[in-house]
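Novice: Input run_20.cif, format and content: mmCIF, C-alpha atoms and all ligand atoms.
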data_protein
loop_
_atom_site.label_atom_id
_atom_site.label_comp_id
_atom_site.auth_asym_id
_atom_site.auth_seq_id
_atom_site.Cartn_x
_atom_site.Cartn_y
_atom_site.Cartn_z
CA MET R 1319 18.54 -11.27 -54.86
CA SER R 1320 18.35 -13.84 -52.09
CA ASN R 1321 14.85 -14.79 -51.04
CA ALA R 1322 15.69 -18.15 -49.56
CA LEU R 1323 14.46 -17.09 -46.15
CA LEU R 1324 11.13 -15.76 -47.35
CA PRO R 1325 8.27 -17.74 -48.81
CA GLU R 1326 7.52 -17.24 -52.47
CA LEU R 1327 5.86 -13.86 -52.91
CA GLY R 1328 2.72 -15.37 -54.32
CA THR R 1329 2.25 -17.47 -51.22
CA LEU R 1330 2.75 -14.70 -48.65
CA PRO R 1331 -0.50 -14.48 -46.68
CA LEU R 1332 -2.38 -11.18 -46.58
CA THR R 1333 -3.02 -11.72 -42.87
CA PRO R 1334 0.01 -13.64 -41.70
CA ALA R 1335 -0.27 -15.81 -38.61
CA PRO R 1336 1.77 -14.24 -35.81
CA THR R 1337 4.80 -16.19 -34.70
CA ARG R 1338 5.29 -14.53 -31.31
CA ILE R 1339 2.58 -13.47 -28.88
CA TRP R 1340 3.56 -12.46 -25.38
CA THR R 1341 1.23 -13.48 -22.57
CA PRO R 1342 2.24 -12.39 -19.08
CA LYS R 1343 2.26 -14.99 -16.31
CA ARG R 1344 0.87 -12.46 -13.86
CA VAL R 1345 -0.84 -9.10 -13.94
CA GLN R 1346 -0.86 -6.53 -11.14
CA VAL R 1347 -3.29 -3.62 -11.17
CA THR R 1348 -2.59 -0.65 -8.93
CA ARG R 1349 -5.40 0.87 -6.94
CA ALA R 1350 -5.22 4.12 -8.92
CA ALA R 1351 -5.60 2.21 -12.19
CA ALA R 1352 -8.37 -0.14 -11.07
CA GLU R 1353 -11.38 1.99 -11.94
CA LEU R 1354 -10.18 3.47 -15.23
CA PRO R 1355 -12.08 2.33 -18.34
CA HIS R 1356 -8.99 1.23 -20.23
CA THR R 1357 -8.10 -1.10 -17.36
CA ALA R 1358 -11.30 -3.03 -18.05
CA GLU R 1359 -10.18 -3.52 -21.65
CA ILE R 1360 -6.70 -4.62 -20.53
CA LEU R 1361 -8.19 -7.12 -18.09
CA ARG R 1362 -10.62 -8.38 -20.72
CA ARG R 1363 -7.70 -9.03 -23.04
CA CYS R 1364 -5.59 -10.67 -20.33
CA GLU R 1365 -8.41 -13.00 -19.35
CA ALA R 1366 -9.08 -13.86 -22.99
CA ALA R 1367 -5.37 -14.66 -23.31
CA GLY R 1368 -5.67 -17.11 -20.44
CA VAL R 1369 -3.98 -15.13 -17.68
CA THR R 1370 -5.33 -16.35 -14.36
CA ASP R 1371 -2.93 -14.67 -11.93
CA ILE R 1372 -4.45 -11.17 -11.79
CA MET R 1373 -3.83 -9.24 -8.59
CA MET R 1374 -5.82 -6.12 -7.72
CA LEU R 1375 -3.46 -4.22 -5.41
CA THR R 1376 -4.74 -2.27 -2.44
CA ASN R 1377 -2.20 0.51 -3.07
CA ASP R 1378 -0.01 1.75 -5.91
CA ARG R 1379 3.12 -0.27 -5.14
CA LEU R 1380 3.90 -3.35 -7.23
CA SER R 1381 4.75 -6.32 -5.06
CA GLY R 1382 6.61 -9.59 -5.20
CA LEU R 1383 8.81 -8.73 -8.15
CA ARG R 1384 12.12 -9.51 -6.50
CA GLY R 1385 13.39 -13.07 -6.60
CA GLU R 1386 16.23 -14.57 -4.60
CA THR R 1387 18.74 -13.89 -7.35
CA GLU R 1388 19.10 -11.24 -10.01
CA ARG R 1389 18.23 -13.90 -12.57
CA GLU R 1390 14.96 -14.71 -10.79
CA THR R 1391 14.08 -11.04 -10.44
CA TYR R 1392 14.69 -10.54 -14.16
CA ALA R 1393 12.56 -13.57 -15.06
CA ARG R 1394 9.69 -12.51 -12.81
CA ALA R 1395 9.71 -8.94 -14.06
CA LYS R 1396 9.80 -9.95 -17.72
CA THR R 1397 6.73 -12.12 -17.24
CA THR R 1398 4.73 -9.51 -15.33
CA LEU R 1399 2.39 -6.87 -16.69
CA ALA R 1400 1.64 -3.98 -14.35
CA VAL R 1401 -1.37 -1.79 -15.02
CA VAL R 1402 -0.54 1.64 -13.62
CA VAL R 1403 -1.43 5.31 -14.01
CA ALA R 1404 1.12 7.47 -15.81
CA PRO R 1405 2.07 10.30 -13.46
CA PRO R 1406 1.66 13.91 -14.65
CA SER R 1407 5.42 14.18 -15.32
CA GLN R 1408 5.11 11.38 -17.90
CA LEU R 1409 2.18 13.01 -19.66
CA LYS R 1410 4.11 15.99 -20.94
CA PRO R 1411 5.36 15.10 -24.43
CA GLN R 1412 9.10 15.44 -24.89
CA PRO R 1413 10.85 16.28 -28.17
CA ILE R 1414 12.35 13.13 -29.64
CA PRO R 1415 14.82 13.96 -32.39
CA PRO R 1416 15.63 12.58 -34.91
CA SER R 1417 12.54 10.34 -35.04
CA ALA R 1418 9.56 12.56 -34.37
CA ASP R 1419 8.31 15.83 -33.00
CA TRP R 1420 7.12 14.35 -29.73
CA ARG R 1421 7.32 11.25 -27.64
CA ILE R 1422 4.22 9.68 -26.11
CA ASP R 1423 4.44 6.58 -23.95
CA LEU R 1424 1.66 4.00 -23.94
CA ALA R 1425 3.76 1.85 -21.63
CA LYS R 1426 7.23 1.51 -20.18
CA GLY R 1427 9.14 -1.73 -20.41
CA CYS R 1428 9.21 -4.61 -22.87
CA PRO R 1429 8.88 -8.37 -22.41
CA ALA R 1430 11.53 -9.30 -25.01
CA HIS R 1431 15.15 -10.16 -24.26
CA CYS R 1432 17.43 -8.37 -26.72
CA GLN R 1433 20.99 -8.48 -25.44
CA TYR R 1434 21.69 -4.88 -26.50
CA CYS R 1435 18.31 -3.56 -25.29
CA TYR R 1436 18.23 0.20 -25.52
CA LEU R 1437 15.99 0.36 -22.45
CA ALA R 1438 18.77 -1.02 -20.24
CA GLY R 1439 20.09 1.77 -18.12
CA SER R 1440 17.14 4.05 -18.77
CA LEU R 1441 14.53 2.21 -16.70
CA GLY R 1442 15.19 1.75 -13.01
CA GLY R 1443 14.47 -1.43 -11.05
CA PRO R 1444 13.33 -4.83 -12.28
CA PRO R 1445 12.36 -4.74 -15.99
CA VAL R 1446 8.62 -5.11 -15.55
CA THR R 1447 6.30 -3.86 -18.29
CA ARG R 1448 4.03 -1.09 -17.03
CA VAL R 1449 1.10 -0.21 -19.23
CA TYR R 1450 -0.68 3.08 -18.66
CA ALA R 1451 -4.35 2.82 -17.84
CA ASN R 1452 -5.08 6.55 -18.19
CA LEU R 1453 -5.02 6.27 -21.96
CA ASP R 1454 -7.18 9.36 -22.58
CA GLU R 1455 -4.66 11.49 -20.70
CA VAL R 1456 -1.72 9.83 -22.43
CA LEU R 1457 -3.14 10.58 -25.87
CA ALA R 1458 -4.56 14.05 -25.12
CA PRO R 1459 -1.30 15.89 -26.00
CA ILE R 1460 -1.71 14.80 -29.61
CA ARG R 1461 -4.35 17.51 -29.82
CA THR R 1462 -2.53 20.13 -27.75
CA HIS R 1463 0.77 19.65 -29.62
CA ALA R 1464 -0.63 19.42 -33.15
CA GLY R 1465 1.11 21.99 -35.31
CA ARG R 1466 4.07 22.25 -32.94
CA GLY R 1467 7.48 20.65 -33.25
CA THR R 1468 10.74 20.93 -35.14
CA ILE R 1469 11.47 17.46 -36.52
CA THR R 1470 8.63 16.98 -38.98
CA THR R 1471 6.17 19.83 -38.45
CA GLY R 1472 6.71 22.51 -41.07
CA THR R 1473 10.00 21.08 -42.32
CA ASP R 1474 10.93 20.81 -45.99
CA LEU R 1475 11.96 17.19 -45.76
CA ARG R 1476 9.25 15.71 -43.57
CA GLY R 1477 6.54 18.35 -43.29
CA HIS R 1478 4.16 16.12 -45.25
CA GLU R 1479 4.10 13.76 -42.23
CA GLY R 1480 2.37 16.41 -40.12
CA THR R 1481 3.09 16.61 -36.41
CA THR R 1482 4.49 13.26 -35.42
CA PHE R 1483 4.24 11.31 -32.18
CA GLU R 1484 6.65 8.45 -31.45
CA LEU R 1485 5.14 5.63 -29.41
CA SER R 1486 8.08 3.26 -29.04
CA CYS R 1487 10.68 5.10 -26.99
CA TYR R 1488 10.18 3.03 -23.87
CA THR R 1489 8.31 -0.03 -25.04
CA ASP R 1490 7.52 -2.23 -28.01
CA PRO R 1491 3.85 -1.27 -28.34
CA LEU R 1492 2.99 -4.09 -30.74
CA GLY R 1493 4.69 -6.66 -28.51
CA ILE R 1494 2.24 -6.00 -25.69
CA GLU R 1495 -0.79 -5.07 -27.77
CA HIS R 1496 -2.47 -8.45 -27.53
CA VAL R 1497 -2.96 -7.87 -23.76
CA THR R 1498 -3.28 -4.06 -23.66
CA GLY R 1499 -5.23 -2.75 -26.66
CA SER R 1500 -3.60 0.68 -26.27
CA LEU R 1501 -2.03 0.78 -29.71
CA THR R 1502 -5.19 -0.24 -31.53
CA GLU R 1503 -7.10 2.48 -29.74
CA ALA R 1504 -4.48 5.11 -30.56
CA VAL R 1505 -4.31 4.16 -34.24
CA ARG R 1506 -8.09 4.07 -34.49
CA ARG R 1507 -8.56 7.48 -32.85
CA VAL R 1508 -5.87 9.17 -34.91
CA GLY R 1509 -7.29 7.56 -38.06
CA ALA R 1510 -10.73 8.92 -37.17
CA GLY R 1511 -9.31 12.43 -36.81
CA ALA R 1512 -10.07 12.60 -33.08
CA TYR R 1513 -7.03 14.84 -32.56
CA GLY R 1514 -7.05 16.74 -35.85
CA ASP R 1515 -6.12 15.85 -39.39
CA ASP R 1516 -2.46 16.79 -39.53
CA VAL R 1517 -1.04 14.49 -36.89
CA ALA R 1518 0.59 11.09 -37.24
CA LEU R 1519 1.74 8.26 -35.04
CA ARG R 1520 4.86 6.21 -35.53
CA PHE R 1521 6.29 3.25 -33.72
CA THR R 1522 8.86 0.55 -34.23
CA THR R 1523 8.55 -3.12 -33.34
CA LYS R 1524 10.23 -6.51 -33.38
CA PHE R 1525 6.92 -8.35 -33.17
CA ASP R 1526 4.59 -9.52 -35.92
CA ASP R 1527 1.04 -9.84 -34.60
CA VAL R 1528 -0.54 -7.31 -36.95
CA THR R 1529 -3.93 -9.00 -37.28
CA GLU R 1530 -5.82 -6.26 -35.43
CA LEU R 1531 -3.94 -3.41 -37.09
CA LEU R 1532 -4.98 -4.79 -40.49
CA THR R 1533 -8.64 -4.27 -39.62
CA LEU R 1534 -8.34 -0.61 -38.58
CA ASP R 1535 -9.32 2.50 -40.52
CA HIS R 1536 -5.86 4.04 -40.07
CA GLN R 1537 -6.12 6.66 -42.82
CA ARG R 1538 -2.37 6.26 -43.43
CA ARG R 1539 -1.74 8.26 -40.27
CA THR R 1540 0.39 5.65 -38.52
CA ARG R 1541 3.80 4.59 -39.76
CA VAL R 1542 4.79 1.13 -38.59
CA ARG R 1543 8.52 0.53 -38.70
CA PHE R 1544 10.04 -2.84 -38.15
CA SER R 1545 13.25 -3.03 -36.23
CA VAL R 1546 15.50 -5.27 -38.32
CA ASN R 1547 19.11 -6.33 -38.47
CA ALA R 1548 21.49 -8.52 -40.40
CA PRO R 1549 20.04 -12.06 -40.15
CA GLU R 1550 22.91 -13.40 -38.04
CA VAL R 1551 22.77 -10.42 -35.67
CA ALA R 1552 19.00 -10.76 -35.19
CA ARG R 1553 19.34 -14.51 -34.64
CA ARG R 1554 22.10 -14.10 -32.11
CA PHE R 1555 21.03 -11.11 -30.07
CA ASP R 1556 17.24 -10.67 -30.38
CA GLY R 1557 15.49 -12.81 -27.78
CA GLY R 1558 11.76 -13.32 -27.36
CA THR R 1559 10.88 -11.43 -30.54
CA ALA R 1560 9.40 -12.50 -33.86
CA PRO R 1561 12.03 -13.86 -36.26
CA LEU R 1562 13.30 -11.44 -38.88
CA THR R 1563 11.44 -13.12 -41.74
CA ALA R 1564 8.18 -12.92 -39.78
CA ARG R 1565 8.70 -9.20 -39.17
CA LEU R 1566 9.18 -8.67 -42.89
CA THR R 1567 6.09 -10.71 -43.71
CA ALA R 1568 4.15 -8.48 -41.28
CA LEU R 1569 5.65 -5.37 -42.88
CA ARG R 1570 4.42 -6.53 -46.27
CA ALA R 1571 0.93 -7.23 -44.93
CA LEU R 1572 0.68 -3.74 -43.40
CA ALA R 1573 2.02 -2.10 -46.55
CA LEU R 1574 -0.60 -3.95 -48.60
CA ALA R 1575 -3.21 -2.65 -46.13
CA GLY R 1576 -2.09 0.88 -46.97
CA TYR R 1577 0.00 1.66 -43.90
CA PRO R 1578 3.11 3.76 -44.31
CA VAL R 1579 5.86 1.40 -43.20
CA GLY R 1580 9.52 1.66 -42.41
CA LEU R 1581 12.74 -0.01 -41.46
CA THR R 1582 14.54 0.76 -38.25
CA ILE R 1583 17.87 -0.88 -38.98
CA ALA R 1584 19.25 -1.13 -35.50
CA PRO R 1585 21.54 -1.55 -33.83
CA VAL R 1586 23.94 -1.73 -36.77
CA MET R 1587 27.04 -3.65 -35.73
CA ALA R 1588 30.48 -3.51 -37.31
CA TYR R 1589 31.30 -7.21 -37.09
CA PRO R 1590 33.51 -9.10 -39.55
CA GLY R 1591 31.52 -9.50 -42.78
CA TRP R 1592 28.88 -6.90 -41.87
CA GLN R 1593 28.54 -5.85 -45.49
CA GLN R 1594 27.35 -9.35 -46.48
CA GLY R 1595 25.00 -9.53 -43.50
CA TYR R 1596 23.36 -6.19 -44.12
CA GLY R 1597 23.32 -6.86 -47.85
CA ALA R 1598 21.32 -10.04 -47.14
CA LEU R 1599 18.94 -8.00 -44.99
CA LEU R 1600 18.35 -5.41 -47.72
CA ASP R 1601 17.75 -8.21 -50.22
CA GLN R 1602 15.12 -9.73 -47.97
CA VAL R 1603 13.41 -6.36 -47.58
CA THR R 1604 13.43 -5.88 -51.36
CA THR R 1605 11.67 -9.21 -51.74
CA ALA R 1606 9.18 -8.40 -48.98
CA VAL R 1607 8.02 -5.12 -50.52
CA ALA R 1608 8.06 -6.19 -54.18
CA GLY R 1609 4.83 -5.35 -55.97
CA VAL R 1610 3.22 -3.41 -53.11
CA PRO R 1611 1.09 -0.67 -54.69
CA ASP R 1612 1.59 2.90 -53.37
CA LEU R 1613 4.42 1.72 -51.15
CA ASP R 1614 5.47 4.34 -48.59
CA LEU R 1615 8.67 2.98 -47.08
CA THR R 1616 11.31 4.86 -45.09
CA ALA R 1617 14.56 3.86 -43.44
CA GLU R 1618 16.17 4.91 -40.17
CA ILE R 1619 19.57 3.62 -39.15
CA ILE R 1620 21.01 3.55 -35.65
CA THR R 1621 24.50 2.21 -34.97
CA HIS R 1622 25.27 0.24 -31.86
CA ARG R 1623 26.33 2.20 -28.81
CA PHE R 1624 26.37 1.67 -25.08
CA THR R 1625 26.81 3.67 -21.92
CA PRO R 1626 28.54 2.62 -18.70
CA ALA R 1627 25.10 2.22 -17.10
CA SER R 1628 23.58 0.21 -19.95
CA LYS R 1629 26.62 -2.09 -20.12
CA ASP R 1630 26.38 -2.71 -16.43
CA VAL R 1631 22.67 -3.55 -16.58
CA LEU R 1632 23.03 -5.73 -19.70
CA LEU R 1633 25.88 -7.74 -18.21
CA GLY R 1634 23.67 -8.32 -15.17
CA TRP R 1635 20.79 -9.50 -17.35
CA TYR R 1636 22.89 -11.43 -19.90
CA PRO R 1637 26.16 -12.42 -18.24
CA GLN R 1638 27.08 -14.84 -21.06
CA THR R 1639 26.51 -12.36 -23.85
CA LYS R 1640 28.94 -12.23 -26.75
CA LEU R 1641 27.87 -8.69 -27.54
CA GLU R 1642 30.91 -6.48 -28.04
CA MET R 1643 30.88 -3.71 -25.44
CA ASP R 1644 34.59 -2.96 -25.30
CA GLU R 1645 35.41 0.65 -24.46
CA ASP R 1646 38.92 0.19 -25.88
CA VAL R 1647 37.69 -0.26 -29.44
CA ARG R 1648 35.11 2.51 -29.24
CA THR R 1649 35.10 6.27 -29.23
CA GLN R 1650 33.77 8.08 -26.21
CA LYS R 1651 31.16 10.74 -26.87
CA ARG R 1652 29.80 13.18 -24.34
CA SER R 1653 26.28 14.48 -24.47
CA LYS R 1654 25.52 18.10 -23.74
CA PHE R 1655 24.33 16.99 -20.31
CA GLY R 1656 27.68 15.35 -19.55
CA GLY R 1657 26.61 11.72 -20.11
CA VAL R 1658 29.06 9.34 -21.77
CA LYS R 1659 28.36 6.88 -24.54
CA TYR R 1660 30.61 4.61 -26.55
CA VAL R 1661 30.15 4.63 -30.30
CA TYR R 1662 32.15 3.20 -33.21
CA PRO R 1663 35.27 5.15 -34.16
CA ARG R 1664 34.88 7.90 -36.72
CA ALA R 1665 36.45 5.92 -39.60
CA THR R 1666 34.17 2.90 -39.00
CA MET R 1667 31.13 5.16 -38.79
CA ALA R 1668 32.08 6.89 -42.04
CA GLU R 1669 32.62 3.59 -43.84
CA MET R 1670 29.32 2.14 -42.63
CA ARG R 1671 27.39 5.30 -43.40
CA GLN R 1672 28.77 5.44 -46.92
CA TRP R 1673 27.95 1.77 -47.49
CA PHE R 1674 24.39 2.01 -46.18
CA THR R 1675 23.65 5.21 -48.03
CA SER R 1676 24.73 3.84 -51.37
CA GLU R 1677 23.33 0.32 -50.91
CA LEU R 1678 19.96 1.62 -49.76
CA ALA R 1679 19.78 3.92 -52.75
CA ALA R 1680 20.73 1.07 -55.08
CA ARG R 1681 18.58 -1.70 -53.61
CA LEU R 1682 15.62 0.22 -52.17
CA PRO R 1683 15.52 3.47 -54.13
CA ALA R 1684 11.97 4.17 -52.97
CA ALA R 1685 13.03 4.27 -49.30
CA PRO R 1686 14.40 7.63 -48.17
CA LEU R 1687 16.90 7.51 -45.32
CA LEU R 1688 15.38 9.72 -42.64
CA TYR R 1689 18.46 9.73 -40.46
CA TRP R 1690 21.68 7.93 -39.58
CA THR R 1691 23.01 8.05 -36.09
S1 LIG R 1701 12.29 -5.40 -28.49
FE1 LIG R 1701 13.34 -3.43 -28.12
S2 LIG R 1701 12.66 -2.78 -26.09
FE2 LIG R 1701 12.18 -4.96 -26.28
S3 LIG R 1701 13.95 -6.05 -25.40
FE3 LIG R 1701 14.31 -5.85 -27.60
S4 LIG R 1701 15.50 -3.92 -27.83
FE4 LIG R 1701 14.56 -3.92 -25.77
#
Starting from the file, lay out its structure as structure tokens.
Ligand code: SF4
Specialist:
Amino acid sequence: MSNALLPELGTLPLTPAPTRIWTPKRVQVTRAAAELPHTAEILRRCEAAGVTDIMMLTNDRLSGLRGETERETYARAKTTLAVVVAPPSQLKPQPIPPSADWRIDLAKGCPAHCQYCYLAGSLGGPPVTRVYANLDEVLAPIRTHAGRGTITTGTDLRGHEGTTFELSCYTDPLGIEHVTGSLTEAVRRVGAGAYGDDVALRFTTKFDDVTELLTLDHQRRTRVRFSVNAPEVARRFDGGTAPLTARLTALRALALAGYPVGLTIAPVMAYPGWQQGYGALLDQVTTAVAGVPDLDLTAEIITHRFTPASKDVLLGWYPQTKLEMDEDVRTQKRSKFGGVKYVYPRATMAEMRQWFTSELAARLPAAPLLYWT
């Protein structure tokens, strides 16, 4: 087992110091959001983080996001936090297979810079992070949808999770938590049973500032998954996130604090030597979870894919990227709504799936694979 990239187990801190904290350069608050109670908490956090450029807008349109070039627009958007009100259409939970029964969005957008970002192509306009100020309304469906759903609710495999709500479809909720407080509030309320006893939250992150989460009475009702990859893939393509080793240190700290935890191994890439790279990753995870009492660890695996729209957006954001997005070496798949995506060919997928299934079982036998896609 290789643990060269992790500190000795005995020296791993129970409350690790975060390595990556995002602080926006500017904050814009829409008029509709200004008077909501959660906005006061967001502004309190932003001010405590040292943000001085806070603009209270006189209407609900964000302003000044566009720069002279696409590069400037990208840079401005990625350093801006917008405090907005989620419209009614966003408040209706959507099914989110294979992760969870329902999707709930605390925010849309993410300040990190991953060159394969799965948000590319699904969010329109400059990639600004919009946090929702109407938090009570955002979270209310946890109560109305408890006991409903087809992914975990009432299923043989995952029924013990209760009705599940995925928080990280359109953002990295931990990455912006330091200046929003939305995640802490959601975990605290669900832990306190505010929406019933048989509901659970789940989210995935590439950040590592878990200090606040460690203090919460979570009642094991929130599963924190860390999005991880082969070390060389994470180093090369994940920008503005916590390093892989820091994510695993945070995972260990949360597991020791009783949280159910998980791995989102994504996006898995079929590059030369991928078996060694992902083997090194699994070894590091094994080291990180060694000796954790009552460990509840799951794995989810998502292979790399792209769409014509996401490729277009990503090449605009990262024109120098070395990320392989070559339609000629991929297989085209059509969704039931007619959309096109490019995935690895069937034989590559089968080989990778077989490898991951058997290596996970051998190296992390306690971690069930919830899905492969
Ligand atoms: S952390 Fe996730 S959402 Fe944020 S840039 Fe990276 S892939 Fe995109």
Novice: Can you tell me how far CA of Leu1437 in chain R sits from CA of Asp1630 in chain R, in Å to one decimal?
Specialist: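 Distance between the two atoms: 12.4 Å.
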Novice: Determine, counting all atoms listed in the file, every residue of protein, DNA or RNA that lies within 6 Å of (2.0, -13.0, -17.6) in the file coordinates, then give the result as a count of residues only.
Specialist: 6
Novice: Can you find the residues with an atom no farther than 12 Å from (8.1, -0.8, -54.4), counting only C-alpha atoms, and report them as a list in words?
Specialist: Arg1570, Ala1573, Leu1574, Val1579, Val1603, Thr1604, Thr1605, Ala1606, Val1607, Ala1608, Gly1609, Val1610, Pro1611, Asp1612, Leu1613, Asp1614, Leu1615, Thr1616, Arg1681, Leu1682, Pro1683, Ala1684 and Ala1685 of chain R
Novice: Give me, as a ChimeraX atom specification, the set of residues whose atoms come within 8 Å of any atom of ligand LIG 1701 (chain R), counting all atoms listed in the file.
Specialist: /R:1427-1438,1488-1490,1493,1523-1525,1556-1559
Novice: Keeping only C-alpha atoms, take the residues you just selected and write them out as a PDB file, in the coordinates of the input.
Specialist:
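Writing done, so here's out29.pdb:
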ATOM      1  CA  GLY R1427       9.140  -1.730 -20.410  1.00  0.00           C
ATOM      2  CA  CYS R1428       9.210  -4.610 -22.870  1.00  0.00           C
ATOM      3  CA  PRO R1429       8.880  -8.370 -22.410  1.00  0.00           C
ATOM      4  CA  ALA R1430      11.530  -9.300 -25.010  1.00  0.00           C
ATOM      5  CA  HIS R1431      15.150 -10.160 -24.260  1.00  0.00           C
ATOM      6  CA  CYS R1432      17.430  -8.370 -26.720  1.00  0.00           C
ATOM      7  CA  GLN R1433      20.990  -8.480 -25.440  1.00  0.00           C
ATOM      8  CA  TYR R1434      21.690  -4.880 -26.500  1.00  0.00           C
ATOM      9  CA  CYS R1435      18.310  -3.560 -25.290  1.00  0.00           C
ATOM     10  CA  TYR R1436      18.230   0.200 -25.520  1.00  0.00           C
ATOM     11  CA  LEU R1437      15.990   0.360 -22.450  1.00  0.00           C
ATOM     12  CA  ALA R1438      18.770  -1.020 -20.240  1.00  0.00           C
ATOM     13  CA  TYR R1488      10.180   3.030 -23.870  1.00  0.00           C
ATOM     14  CA  THR R1489       8.310  -0.030 -25.040  1.00  0.00           C
ATOM     15  CA  ASP R1490       7.520  -2.230 -28.010  1.00  0.00           C
ATOM     16  CA  GLY R1493       4.690  -6.660 -28.510  1.00  0.00           C
ATOM     17  CA  THR R1523       8.550  -3.120 -33.340  1.00  0.00           C
ATOM     18  CA  LYS R1524      10.230  -6.510 -33.380  1.00  0.00           C
ATOM     19  CA  PHE R1525       6.920  -8.350 -33.170  1.00  0.00           C
ATOM     20  CA  ASP R1556      17.240 -10.670 -30.380  1.00  0.00           C
ATOM     21  CA  GLY R1557      15.490 -12.810 -27.780  1.00  0.00           C
ATOM     22  CA  GLY R1558      11.760 -13.320 -27.360  1.00  0.00           C
ATOM     23  CA  THR R1559      10.880 -11.430 -30.540  1.00  0.00           C
TER      24      THR R1559
END
Novice: Asp1378 in chain R: which residues within 7 Å, counting all atoms listed in the file, same-chain residues fewer than 2 positions away excluded, as number ranges by chain?
Specialist: R: 1348-1350, 1375, 1380
